[in-house]
Amino acid sequence: MKKWLLILLTLALTMGALPAKTKTMSIENFEKEVWRLTNVERTRYSLRPLIYEPGLVKLARYHSQNMQQRNFFAHRDPQGYDIADRRKHYYPTLVVSCVGENIGRFRNSAGTFTPQELVAGWMNSPSHRENILHPDYTHLGVGIVRDANTLYATQNFATPLVKIKTEVSKEISIQKPYRVSFEYLSPNQRDRLSCTLIYPDRTKTFKVSEKQEMVGAQPLKLEWVSASKFDILVPLEAGSGDYKLCFGFDNGYFPEGIVLKAK
């Protein structure tokens with residue numbers, strides 16, 4: 001079994017006055033420019049560019065807004081969540097192998113800021129730079145909030161495996177298999193991807209072959225419907241309870257996954 005890889009660096013950056021240059025840029029364009037400039041830095045070191053991921057954008061915006069509204073500046077919020085917790089709680093449809101976060105708080109009396117200065121500030125900080133140039137990350141979301149003279153910025157980095165496309169029912173009947181659709185997001189070759197179903201009854205066995213059986217789990221077949229989309233038909237034969245779809249590579253899996261509540 002592959003080990004769960006969680007990259008969560010405790011990063012924080014506070015900067016003083018920044019030159020007054022950009023005040024009319026929309027927040028969305030500001031965020032996308034931070035993303036673009038982040039990729040400029042990565043390409044300088046022959047690293048693949050990060051894909052802009054809408055769900056990570058929402059997650060990053062949430063944290064920036066939360067810091068502004070609740071008047072704190074930290075990776076762990078007043079609810080007790082860090083980036084891994086927030087991803088799991090607010091974005092459970094994205095299955096990842098690792099996540100990371102940069103945050104920044106920038107101030108000047110004119111209330112004008114530029115994406116160039118944000119990225120430059122992070123690149124001049126070794127810990128923030130490590131996240132920006134981490135070779136394992138493949139996706140990024142940027143969230144910006146600004147008021148009269150302060151700007152809060154969050155970068156959420158991730159290495160997603162898959163994203164669920166089916167709106168999963170809160171309670172699923174065990175009377176028949178349940179079909180779930182996914183989008184494949186990893187740069188790894190798709191034929192390496194594997195899925196394991198974890199049973200609610202961890203003592204139940206599944207016969208893999210004449211000489212091998214799995215306890216509390218079984219491998220599932222991926223039905224590819226396009227180059228990046230696939231379905232899984234989930235058998236619910238281990239009784240009522242929480243089933244979990246876990247993904248990995250080469251017949252291994254990461255322990256976090258998609259939970260299906262069956263009755």
# chains A, B, ... in the order shown; residues from 1 in each chain; ligands from 1
>>> select_by_dssp(residues="range 103-185 of chain A", states="helix (DSSP H, G or I)", output="PyMOL selection string")
chain A and resi 115-123+126-132
>>> residues_around(residues="range 41-58 of chain A", least_positions_apart="2", cutoff="7 Å", atoms="only C-alpha atoms", output="list in words")
Leu37, Thr38, Asn39, Ala60, Arg61, Tyr62, Leu133, Pro135, Thr138, His139, Leu140, Gly141, Val142, Gly143 and Asn156 of chain A
>>> atom_distance(atom1="CA of Thr93 in chain A", atom2="CA of Phe249 in chain A")
18.8 Å
>>> residues_around(residues="Lys261 in chain A", least_positions_apart="6", cutoff="7 Å", atoms="only C-alpha atoms", output="count of residues only")
6
>>> atom_distance(atom1="CA of Gly121 in chain A", atom2="CA of Gly104 in chain A")
8.9 Å
>>> residues_around(residues="Leu236 in chain A", least_positions_apart="4", cutoff="9 Å", atoms="only C-alpha atoms", output="PyMOL selection string")
chain A and resi 173-178+199+240+243+262
>>> residues_around(residues="range 211-228 of chain A", least_positions_apart="6", cutoff="6 Å", atoms="only C-alpha atoms", output="number ranges by chain")
A: 183-184, 195-199, 202-205
>>> closest_residue(among="A:Arg70, A:Lys32, A:Lys165, A:Arg129", to="Val95 in chain A", atoms="only C-alpha atoms")
A:Lys165
